[in-house]
>>> print(open('protein_21.pdb').read())   # PDB, C-alpha atoms
ATOM      1  CA  MET A   1       0.000   0.000   0.000
ATOM      2  CA  ARG A   2       1.366   3.381  -0.986
ATOM      3  CA  SER A   3       1.883   6.140   1.515
ATOM      4  CA  PRO A   4      -0.935   8.699   1.588
ATOM      5  CA  PHE A   5       1.636  11.477   1.806
ATOM      6  CA  LEU A   6       2.783  13.342  -1.305
ATOM      7  CA  VAL A   7       6.297  11.940  -0.873
ATOM      8  CA  HIS A   8       6.954   8.961  -3.149
ATOM      9  CA  LEU A   9      10.682   9.365  -3.816
ATOM     10  CA  ASN A  10      13.867   8.806  -1.842
ATOM     11  CA  SER A  11      17.585   8.689  -2.521
ATOM     12  CA  ALA A  12      17.482   4.983  -3.417
ATOM     13  CA  ILE A  13      14.854   5.526  -6.129
ATOM     14  CA  ILE A  14      16.586   8.679  -7.398
ATOM     15  CA  SER A  15      19.840   6.736  -7.755
ATOM     16  CA  LEU A  16      18.173   4.440 -10.329
ATOM     17  CA  ALA A  17      17.990   7.320 -12.822
ATOM     18  CA  PRO A  18      19.900  10.235 -11.285
ATOM     19  CA  ALA A  19      20.266  12.332 -14.443
ATOM     20  CA  THR A  20      16.549  12.113 -15.231
ATOM     21  CA  PHE A  21      15.440  13.010 -11.724
ATOM     22  CA  LYS A  22      17.929  15.867 -11.407
ATOM     23  CA  LEU A  23      16.753  17.359 -14.680
ATOM     24  CA  ILE A  24      13.118  17.119 -13.579
ATOM     25  CA  PHE A  25      13.898  18.690 -10.192
ATOM     26  CA  ALA A  26      15.880  21.488 -11.855
ATOM     27  CA  VAL A  27      13.026  22.369 -14.216
ATOM     28  CA  GLU A  28      10.510  22.192 -11.364
ATOM     29  CA  PHE A  29      12.399  24.586  -9.093
ATOM     30  CA  VAL A  30      13.236  26.984 -11.926
ATOM     31  CA  PHE A  31       9.533  27.384 -12.704
ATOM     32  CA  MET A  32       8.679  27.525  -9.030
ATOM     33  CA  GLY A  33      11.202  30.322  -8.589
ATOM     34  CA  LEU A  34       9.811  32.184 -11.610
ATOM     35  CA  PHE A  35       6.314  31.890 -10.186
ATOM     36  CA  LEU A  36       7.364  33.187  -6.769
ATOM     37  CA  LEU A  37       9.174  36.100  -8.438
ATOM     38  CA  GLY A  38       6.098  36.792 -10.540
ATOM     39  CA  VAL A  39       3.658  36.880  -7.615
ATOM     40  CA  PRO A  40       4.676  40.409  -6.442
ATOM     41  CA  VAL A  41       4.324  41.629 -10.046
ATOM     42  CA  PHE A  42       0.835  40.139 -10.301
ATOM     43  CA  VAL A  43      -0.116  41.634  -6.930
ATOM     44  CA  MET A  44       0.899  45.101  -8.144
ATOM     45  CA  VAL A  45      -1.028  44.562 -11.377
ATOM     46  CA  LEU A  46      -4.161  43.604  -9.429
ATOM     47  CA  LYS A  47      -3.785  46.601  -7.146
ATOM     48  CA  ARG A  48      -3.362  49.068 -10.029
ATOM     49  CA  SER A  49      -6.116  47.637 -12.223
ATOM     50  CA  LYS A  50      -9.397  49.259 -11.168
ATOM     51  CA  VAL A  51     -11.628  48.099 -14.032
ATOM     52  CA  LEU A  52     -12.626  44.718 -12.619
ATOM     53  CA  HIS A  53     -14.497  44.497  -9.331
ATOM     54  CA  ARG A  54     -12.377  44.648  -6.198
ATOM     55  CA  ASN A  55     -13.714  41.358  -4.811
ATOM     56  CA  PHE A  56     -12.899  39.499  -8.009
ATOM     57  CA  ARG A  57      -9.349  40.840  -7.933
ATOM     58  CA  ILE A  58      -9.044  39.749  -4.298
ATOM     59  CA  CYS A  59     -10.158  36.244  -5.338
ATOM     60  CA  LEU A  60      -7.347  36.149  -7.893
ATOM     61  CA  LEU A  61      -4.926  37.369  -5.231
ATOM     62  CA  SER A  62      -6.091  34.634  -2.869
ATOM     63  CA  MET A  63      -5.509  32.072  -5.612
ATOM     64  CA  CYS A  64      -1.884  33.229  -5.910
ATOM     65  CA  ILE A  65      -1.402  33.143  -2.136
ATOM     66  CA  HIS A  66      -2.655  29.565  -1.916
ATOM     67  CA  HIS A  67      -0.404  28.468  -4.764
ATOM     68  CA  THR A  68       2.511  30.158  -2.984
ATOM     69  CA  THR A  69       1.629  28.155   0.131
ATOM     70  CA  ALA A  70       1.594  24.971  -1.949
ATOM     71  CA  SER A  71       5.024  25.831  -3.368
ATOM     72  CA  THR A  72       6.405  26.319   0.140
ATOM     73  CA  ALA A  73       4.892  23.007   1.222
ATOM     74  CA  ARG A  74       6.492  21.342  -1.793
ATOM     75  CA  CYS A  75       9.914  22.527  -0.626
ATOM     76  CA  VAL A  76       9.281  20.912   2.767
ATOM     77  CA  LEU A  77       8.183  17.639   1.157
ATOM     78  CA  PHE A  78      11.210  17.736  -1.146
ATOM     79  CA  TYR A  79      13.450  17.985   1.932
ATOM     80  CA  TYR A  80      11.798  14.854   3.332
ATOM     81  CA  GLN A  81      12.279  12.849   0.141
ATOM     82  CA  ILE A  82      15.957  13.660  -0.495
ATOM     83  CA  ASN A  83      16.897  13.048   3.150
ATOM     84  CA  ASN A  84      14.977   9.743   3.466
ATOM     85  CA  ILE A  85      13.076  10.967   6.527
ATOM     86  CA  SER A  86      10.518   8.467   7.763
ATOM     87  CA  LEU A  87       6.899   9.345   7.102
ATOM     88  CA  SER A  88       4.558   9.313  10.068
ATOM     89  CA  HIS A  89       1.159  10.719  10.901
ATOM     90  CA  ASP A  90       2.685  11.926  14.163
ATOM     91  CA  ASP A  91       5.063  14.270  12.320
ATOM     92  CA  ILE A  92       3.257  17.618  12.513
ATOM     93  CA  VAL A  93       5.560  19.292   9.967
ATOM     94  CA  LEU A  94       5.028  16.521   7.410
ATOM     95  CA  VAL A  95       1.265  16.412   7.940
ATOM     96  CA  SER A  96       0.954  20.201   7.738
ATOM     97  CA  ALA A  97       3.003  20.408   4.511
ATOM     98  CA  HIS A  98       1.091  17.515   2.968
ATOM     99  CA  LEU A  99      -2.330  18.960   3.868
ATOM    100  CA  ALA A 100      -1.301  22.430   2.661
ATOM    101  CA  ARG A 101      -0.249  21.079  -0.731
ATOM    102  CA  ASP A 102      -3.063  18.572  -1.211
ATOM    103  CA  THR A 103      -5.739  21.052  -0.088
ATOM    104  CA  VAL A 104      -4.703  23.430  -2.887
ATOM    105  CA  PHE A 105      -5.639  20.787  -5.479
ATOM    106  CA  GLY A 106      -9.149  20.695  -4.032
ATOM    107  CA  TYR A 107      -9.110  24.489  -3.727
ATOM    108  CA  PHE A 108      -8.667  24.878  -7.464
ATOM    109  CA  CYS A 109     -11.428  22.347  -8.126
ATOM    110  CA  ALA A 110     -13.756  24.588  -6.087
ATOM    111  CA  MET A 111     -12.701  27.818  -7.833
ATOM    112  CA  PRO A 112     -15.312  27.640 -10.675
ATOM    113  CA  SER A 113     -18.168  27.527  -8.161
ATOM    114  CA  SER A 114     -16.612  30.387  -6.166
ATOM    115  CA  PHE A 115     -16.172  32.548  -9.255
ATOM    116  CA  ALA A 116     -19.751  31.739 -10.257
ATOM    117  CA  PHE A 117     -21.051  32.623  -6.785
ATOM    118  CA  GLU A 118     -19.240  35.962  -6.830
ATOM    119  CA  ARG A 119     -20.714  36.793 -10.249
ATOM    120  CA  PHE A 120     -24.151  35.537  -9.128
ATOM    121  CA  ILE A 121     -24.122  38.078  -6.297
ATOM    122  CA  ALA A 122     -22.949  40.739  -8.742
ATOM    123  CA  THR A 123     -25.916  39.872 -10.986
ATOM    124  CA  ARG A 124     -28.639  39.464  -8.383
ATOM    125  CA  TYR A 125     -27.699  42.368  -6.109
ATOM    126  CA  TRP A 126     -25.972  44.519  -8.695
ATOM    127  CA  LYS A 127     -26.831  47.918  -7.216
ATOM    128  CA  TRP A 128     -25.388  47.051  -3.794
ATOM    129  CA  TYR A 129     -22.422  45.163  -5.239
ATOM    130  CA  GLU A 130     -21.519  47.884  -7.718
ATOM    131  CA  SER A 131     -21.069  50.358  -4.841
ATOM    132  CA  THR A 132     -17.987  48.346  -3.657
ATOM    133  CA  GLY A 133     -18.737  49.406  -0.093
ATOM    134  CA  ARG A 134     -17.228  47.670   2.908
ATOM    135  CA  SER A 135     -20.280  45.451   3.274
ATOM    136  CA  THR A 136     -19.522  43.827  -0.099
ATOM    137  CA  LEU A 137     -16.342  42.401   1.415
ATOM    138  CA  LEU A 138     -18.530  40.015   3.432
ATOM    139  CA  ILE A 139     -18.791  37.881   0.298
ATOM    140  CA  LEU A 140     -15.086  37.016   0.476
ATOM    141  CA  PRO A 141     -15.192  34.874   3.679
ATOM    142  CA  LEU A 142     -18.005  32.830   2.116
ATOM    143  CA  ILE A 143     -15.958  32.294  -1.027
ATOM    144  CA  GLU A 144     -12.852  31.278   0.900
ATOM    145  CA  ALA A 145     -14.858  28.956   3.143
ATOM    146  CA  ASN A 146     -16.308  27.257   0.062
ATOM    147  CA  ASN A 147     -12.795  26.781  -1.334
ATOM    148  CA  ILE A 148     -10.855  25.768   1.753
ATOM    149  CA  ILE A 149     -13.077  23.903   4.236
ATOM    150  CA  PRO A 150     -14.361  21.068   1.961
ATOM    151  CA  SER A 151     -10.910  20.691   0.380
ATOM    152  CA  LEU A 152      -9.184  20.520   3.759
ATOM    153  CA  LEU A 153     -11.676  17.981   5.128
ATOM    154  CA  ASN A 154     -11.384  15.848   1.995
ATOM    155  CA  SER A 155      -7.589  15.865   2.226
ATOM    156  CA  TYR A 156      -7.654  15.120   5.959
ATOM    157  CA  PHE A 157     -10.043  12.148   5.683
ATOM    158  CA  TRP A 158      -8.009  10.661   2.832
ATOM    159  CA  THR A 159      -4.655  11.214   4.547
ATOM    160  CA  PHE A 160      -5.758   9.564   7.796
ATOM    161  CA  GLY A 161      -7.380   6.606   6.056
ATOM    162  CA  TYR A 162     -11.075   7.339   6.528
ATOM    163  CA  TYR A 163     -11.551   6.543   2.847
ATOM    164  CA  CYS A 164      -9.423   5.624  -0.168
ATOM    165  CA  GLN A 165      -7.770   7.828  -2.766
ATOM    166  CA  GLU A 166     -10.428   6.998  -5.353
ATOM    167  CA  ILE A 167     -13.100   8.642  -3.180
ATOM    168  CA  ASN A 168     -10.795  11.610  -2.682
ATOM    169  CA  PHE A 169     -10.542  12.025  -6.466
ATOM    170  CA  ALA A 170     -14.287  11.479  -6.926
ATOM    171  CA  ILE A 171     -15.092  14.276  -4.480
ATOM    172  CA  MET A 172     -12.749  16.700  -6.261
ATOM    173  CA  ILE A 173     -14.163  15.804  -9.694
ATOM    174  CA  ALA A 174     -17.752  16.151  -8.424
ATOM    175  CA  THR A 175     -16.889  19.553  -6.929
ATOM    176  CA  LEU A 176     -15.334  20.662 -10.197
ATOM    177  CA  CYS A 177     -18.272  19.498 -12.346
ATOM    178  CA  ALA A 178     -20.851  21.127 -10.045
ATOM    179  CA  GLY A 179     -18.876  24.382 -10.136
ATOM    180  CA  LEU A 180     -18.678  24.348 -13.928
ATOM    181  CA  LEU A 181     -22.437  23.820 -14.209
ATOM    182  CA  PHE A 182     -23.070  26.698 -11.780
ATOM    183  CA  PHE A 183     -20.683  28.898 -13.733
ATOM    184  CA  LEU A 184     -22.403  28.060 -17.022
ATOM    185  CA  ALA A 185     -25.820  28.865 -15.516
ATOM    186  CA  VAL A 186     -24.619  32.275 -14.283
ATOM    187  CA  PHE A 187     -23.017  33.020 -17.659
ATOM    188  CA  ARG A 188     -26.198  32.178 -19.573
ATOM    189  CA  SER A 189     -28.276  34.180 -17.096
ATOM    190  CA  ASN A 190     -26.196  37.299 -17.765
ATOM    191  CA  LEU A 191     -26.438  36.826 -21.528
ATOM    192  CA  ARG A 192     -30.202  36.516 -21.211
ATOM    193  CA  LEU A 193     -30.416  39.638 -19.040
ATOM    194  CA  MET A 194     -28.393  41.528 -21.615
ATOM    195  CA  ASN A 195     -31.206  41.007 -24.094
ATOM    196  CA  LEU A 196     -34.044  41.595 -21.634
ATOM    197  CA  VAL A 197     -32.967  44.785 -19.888
ATOM    198  CA  PRO A 198     -34.098  47.784 -21.978
ATOM    199  CA  PHE A 199     -31.529  50.422 -22.798
ATOM    200  CA  HIS A 200     -32.589  53.918 -21.705
ATOM    201  CA  LEU A 201     -30.596  57.085 -21.119
ATOM    202  CA  ASP A 202     -31.449  57.270 -17.440
ATOM    203  CA  ALA A 203     -28.994  56.660 -14.617
ATOM    204  CA  TYR A 204     -30.650  53.445 -13.419
ATOM    205  CA  SER A 205     -30.698  51.742 -16.833
ATOM    206  CA  LEU A 206     -27.167  52.862 -17.677
ATOM    207  CA  SER A 207     -25.840  51.484 -14.370
ATOM    208  CA  HIS A 208     -27.692  48.194 -14.793
ATOM    209  CA  ASN A 209     -26.509  47.735 -18.372
ATOM    210  CA  TYR A 210     -22.963  48.582 -17.345
ATOM    211  CA  GLN A 211     -23.057  46.017 -14.515
ATOM    212  CA  ILE A 212     -24.351  43.288 -16.838
ATOM    213  CA  ARG A 213     -21.625  44.058 -19.384
ATOM    214  CA  GLU A 214     -19.062  44.019 -16.577
ATOM    215  CA  ASN A 215     -20.362  40.618 -15.449
ATOM    216  CA  ILE A 216     -20.108  39.234 -18.973
ATOM    217  CA  ARG A 217     -16.608  40.627 -19.385
ATOM    218  CA  THR A 218     -15.484  39.058 -16.105
ATOM    219  CA  LEU A 219     -17.189  35.770 -16.933
ATOM    220  CA  LYS A 220     -15.436  35.667 -20.313
ATOM    221  CA  LEU A 221     -12.115  36.162 -18.551
ATOM    222  CA  ILE A 222     -12.966  33.321 -16.166
ATOM    223  CA  ALA A 223     -14.027  31.152 -19.124
ATOM    224  CA  THR A 224     -10.671  31.756 -20.837
ATOM    225  CA  PHE A 225      -8.884  30.850 -17.620
ATOM    226  CA  LEU A 226     -10.961  27.672 -17.190
ATOM    227  CA  LYS A 227     -10.304  26.573 -20.777
ATOM    228  CA  ALA A 228      -6.567  26.909 -20.220
ATOM    229  CA  ALA A 229      -6.899  25.136 -16.866
ATOM    230  CA  ALA A 230      -8.752  22.248 -18.533
ATOM    231  CA  VAL A 231      -5.853  21.675 -20.943
ATOM    232  CA  LEU A 232      -3.156  22.066 -18.297
ATOM    233  CA  ASN A 233      -4.938  19.899 -15.745
ATOM    234  CA  GLY A 234      -5.653  17.311 -18.422
ATOM    235  CA  VAL A 235      -1.908  16.893 -18.889
ATOM    236  CA  ALA A 236      -1.503  16.626 -15.097
ATOM    237  CA  LEU A 237      -4.178  13.915 -14.995
ATOM    238  CA  VAL A 238      -2.393  11.883 -17.673
ATOM    239  CA  VAL A 239       0.927  12.149 -15.830
ATOM    240  CA  PHE A 240      -0.662  11.203 -12.504
ATOM    241  CA  SER A 241      -2.334   8.207 -14.161
ATOM    242  CA  LEU A 242       1.111   7.013 -15.247
ATOM    243  CA  PHE A 243       2.171   7.227 -11.620
ATOM    244  CA  GLU A 244      -0.792   5.120 -10.521
ATOM    245  CA  TYR A 245      -0.737   2.425 -13.190
ATOM    246  CA  SER A 246       2.818   2.081 -14.552
ATOM    247  CA  THR A 247       5.806   0.030 -13.377
ATOM    248  CA  GLU A 248       7.920   0.961 -10.352
ATOM    249  CA  LEU A 249      10.645   3.211 -11.848
ATOM    250  CA  MET A 250       8.344   4.707 -14.485
ATOM    251  CA  SER A 251       5.781   5.346 -11.767
ATOM    252  CA  ARG A 252       8.285   7.337  -9.684
ATOM    253  CA  ILE A 253       9.474   9.315 -12.693
ATOM    254  CA  ALA A 254       5.839  10.106 -13.480
ATOM    255  CA  PHE A 255       5.291  11.422  -9.948
ATOM    256  CA  ALA A 256       8.365  13.646 -10.265
ATOM    257  CA  LEU A 257       6.986  14.881 -13.593
ATOM    258  CA  PHE A 258       3.657  15.575 -11.883
ATOM    259  CA  ASP A 259       5.338  17.793  -9.286
ATOM    260  CA  MET A 260       7.257  19.525 -12.073
ATOM    261  CA  TRP A 261       4.075  20.117 -14.073
ATOM    262  CA  VAL A 262       2.305  21.615 -11.040
ATOM    263  CA  ALA A 263       5.103  24.192 -10.807
ATOM    264  CA  ILE A 264       4.815  24.970 -14.528
ATOM    265  CA  VAL A 265       1.023  25.268 -14.324
ATOM    266  CA  ALA A 266       1.238  27.837 -11.523
ATOM    267  CA  LEU A 267       3.277  30.178 -13.723
ATOM    268  CA  LEU A 268       1.061  29.538 -16.754
ATOM    269  CA  TYR A 269      -2.075  30.365 -14.756
ATOM    270  CA  VAL A 270      -0.753  33.840 -13.989
ATOM    271  CA  SER A 271       0.457  34.298 -17.567
ATOM    272  CA  VAL A 272      -2.953  33.366 -19.009
ATOM    273  CA  LEU A 273      -4.750  35.852 -16.743
ATOM    274  CA  ILE A 274      -2.395  38.695 -17.649
ATOM    275  CA  TYR A 275      -2.566  37.926 -21.349
ATOM    276  CA  ALA A 276      -6.357  37.441 -21.430
ATOM    277  CA  GLU A 277      -7.260  40.659 -19.570
ATOM    278  CA  ARG A 278      -5.947  43.680 -21.462
ATOM    279  CA  THR A 279      -5.989  45.950 -18.397
ATOM    280  CA  PHE A 280      -3.734  43.483 -16.560
ATOM    281  CA  PHE A 281      -1.386  43.391 -19.527
ATOM    282  CA  HIS A 282      -1.225  47.176 -19.844
ATOM    283  CA  GLU A 283      -0.695  47.633 -16.107
ATOM    284  CA  MET A 284       2.139  45.104 -16.170
ATOM    285  CA  LEU A 285       3.835  46.938 -19.041
ATOM    286  CA  SER A 286       3.489  50.226 -17.153
ATOM    287  CA  LEU A 287       5.505  48.924 -14.198
ATOM    288  CA  ILE A 288       8.974  50.462 -14.021
ATOM    289  CA  PRO A 289      11.052  47.306 -14.784
ATOM    290  CA  PHE A 290       8.922  46.433 -17.830
ATOM    291  CA  ARG A 291       8.832  50.047 -18.965
ATOM    292  CA  ARG A 292      12.630  50.168 -18.924
ATOM    293  CA  LEU A 293      12.814  46.909 -20.869
ATOM    294  CA  ARG A 294      10.500  48.328 -23.511
ATOM    295  CA  ARG A 295      12.656  51.439 -23.816
ATOM    296  CA  ARG A 296      15.791  49.340 -24.173
ATOM    297  CA  PHE A 297      14.611  46.671 -26.608
ATOM    298  CA  MET A 298      11.909  48.447 -28.592
ATOM    299  CA  LYS A 299      12.399  51.252 -31.042
ATOM    300  CA  VAL A 300      10.781  54.455 -29.892
ATOM    301  CA  ALA A 301       8.937  56.247 -32.673
ATOM    302  CA  THR A 302       9.876  59.864 -33.340
ATOM    303  CA  PRO A 303       7.157  62.051 -31.826
ATOM    304  CA  ASN A 304       5.088  64.195 -34.140
ATOM    305  CA  THR A 305       5.923  67.876 -33.650
ATOM    306  CA  GLU A 306       2.471  68.981 -34.781
ATOM    307  CA  PRO A 307      -0.241  68.791 -32.131
ATOM    308  CA  PRO A 308      -3.184  66.523 -32.997
ATOM    309  CA  SER A 309      -6.325  68.157 -34.252
ATOM    310  CA  VAL A 310      -9.499  68.411 -32.191
ATOM    311  CA  THR A 311     -11.153  65.946 -34.566
ATOM    312  CA  ALA A 312      -8.385  63.396 -34.065
ATOM    313  CA  ILE A 313      -8.563  63.763 -30.289
ATOM    314  CA  THR A 314     -12.353  63.344 -30.321
ATOM    315  CA  ARG A 315     -12.164  60.281 -32.582
ATOM    316  CA  THR A 316      -9.518  58.672 -30.340
ATOM    317  CA  HIS A 317     -11.597  59.397 -27.246
ATOM    318  CA  PHE A 318     -14.718  57.746 -28.643
ATOM    319  CA  ASP A 319     -12.705  54.810 -30.012
ATOM    320  CA  ASN A 320     -11.374  54.189 -26.502
ATOM    321  CA  LEU A 321     -14.883  54.410 -25.055
ATOM    322  CA  ARG A 322     -16.175  51.917 -27.623
ATOM    323  CA  ASP A 323     -13.315  49.482 -26.855
ATOM    324  CA  ALA A 324     -13.931  49.769 -23.111
ATOM    325  CA  TRP A 325     -17.691  49.216 -23.600
ATOM    326  CA  ASN A 326     -17.108  46.105 -25.724
TER     327      ASN A 326
END
>>> encode(input="protein_21.pdb", output="structure tokens")
Amino acid sequence: MRSPFLVHLNSAIISLAPATFKLIFAVEFVFMGLFLLGVPVFVMVLKRSKVLHRNFRICLLSMCIHHTTASTARCVLFYYQINNISLSHDDIVLVSAHLARDTVFGYFCAMPSSFAFERFIATRYWKWYESTGRSTLLILPLIEANNIIPSLLNSYFWTFGYYCQEINFAIMIATLCAGLLFFLAVFRSNLRLMNLVPFHLDAYSLSHNYQIRENIRTLKLIATFLKAAAVLNGVALVVFSLFEYSTELMSRIAFALFDMWVAIVALLYVSVLIYAERTFFHEMLSLIPFRRLRRRFMKVATPNTEPPSVTAITRTHFDNLRDAWN
């Protein structure tokens, strides 16, 4: 019977294919380091970007924090595997690192339902939610509780043998599927409202239409993120299946590849979000280090000495408004 802990390697197994394992570990920790270096950049981008709702940006920040926690836990587990430390349920450091890392897998399975719930509140109680008052922050503890508590309990019951790993996987898959269905329902609801709400030039109708368009824009960003996550997690599922059902050495190499892929996915998640949301991308380029890189490696066009005409300024202004509205 395999250990329930996320430590399936030791020095004896690594010595069977040292070059392969060292290469995998090197790639894993390079990407982990890049992700940890990128987290402060993403935090600044979220702070500077005011277009998307504050609570949604805090949800993205929380996602990064949890992945950072998982990366730290991975370093602890890596220390256990290279030093051949015995694995015991009485080891509080081992159990804490294992639960922290395994809970994050369940956390990400619950993210679609949490995103959908946040957008459901934004749709149903749009006038209150649009105000971004302090009371709207009360949604965040509910979102975090939905992400963390079931995932932590699922990981705990599996780790301490209350049920098998197959049930652990089944719970995560059921959580993910339910969240995707909820997300799809909220998305379709907003599209339907877009066609039902009449457009008038009064403050109430303009605010309502703006909130619906904001919901759809945010939901499209989430949909792009979930599509990328489906591809990336599909690769992780294939690699983990090799760990479960292949021969001994191949199984251990597959588990090392799984840990490596988790580190790569963390960086790709952040990259997809920045690339998919134009305000994130523009805010990142406006940061001082990236601005200096652009000045150094990109040719700066010679500025026009003639001031733009009033017509050109007006056309540019309305073009920007149309892009922001769409």
>>> resolve_selection(input="protein_21.pdb", expression="the PyMOL selection byres ((chain A and resi 152-166) around 8)", output="PyMOL selection string")
chain A and resi 4-5+89+99+102-103+106+148-151+167-171
>>> atom_distance(input="protein_21.pdb", atom1="atom CA of Met172 of chain A", atom2="atom CA of Leu221 of chain A")
23.0 Å
>>> closest_residue(input="protein_21.pdb", among="A:Cys64, A:Cys177, A:Ala73, A:Ile143", to="Asp259 of chain A", atoms="all atoms listed in the file")
A:Ala73
>>> closest_residue(input="protein_21.pdb", among="A:Lys47, A:Leu52, A:His67, A:Phe280", to="Leu267 of chain A", atoms="only C-alpha atoms")
A:His67
>>> axis_aligned_box(input="protein_21.pdb", around="segment 176-187 of chain A", padding_each_side="3 Å", output="lines of an AutoDock Vina configuration file")
center_x = -20.6
center_y = 26.3
center_z = -13.9
size_x = 16.5
size_y = 19.5
size_z = 13.6
>>> closest_residue(input="protein_21.pdb", among="A:Leu193, A:Ile82, A:Lys50, A:Leu36", to="His66 of chain A", atoms="all atoms listed in the file")
A:Leu36
>>> resolve_selection(input="protein_21.pdb", expression="the PyMOL selection byres ((chain A and resi 130) around 12)", output="MDAnalysis selection string")
chainID A and resid 51:55 119 121:129 131:137 207:212 214:215
>>> resolve_selection(input="protein_21.pdb", expression="the PyMOL selection byres ((chain A and resi 144) around 10)", output="number ranges by chain")
A: 59, 62-63, 107, 110-111, 114, 139-143, 145-149
>>> closest_residue(input="protein_21.pdb", among="A:Leu9, A:Ala276, A:Leu226, A:Val270", to="Ser113 of chain A", atoms="all atoms listed in the file")
A:Leu226
>>> closest_residue(input="protein_21.pdb", among="A:Gly179, A:Ala236, A:Arg74, A:Arg278", to="Met32 of chain A", atoms="all atoms listed in the file")
A:Arg74
>>> closest_residue(input="protein_21.pdb", among="A:Leu249, A:Met44, A:Ala70, A:Ile222", to="Leu287 of chain A", atoms="all atoms listed in the file")
A:Met44
>>> atom_distance(input="protein_21.pdb", atom1="atom CA of Ile216 of chain A", atom2="atom CA of Val231 of chain A")
22.7 Å
>>> residues_around(input="protein_21.pdb", residues="Ala223 of chain A", least_positions_apart="3", cutoff="10 Å", atoms="all atoms listed in the file", output="PyMOL selection string")
chain A and resi 112+180+183-184+187+217-220+226-229
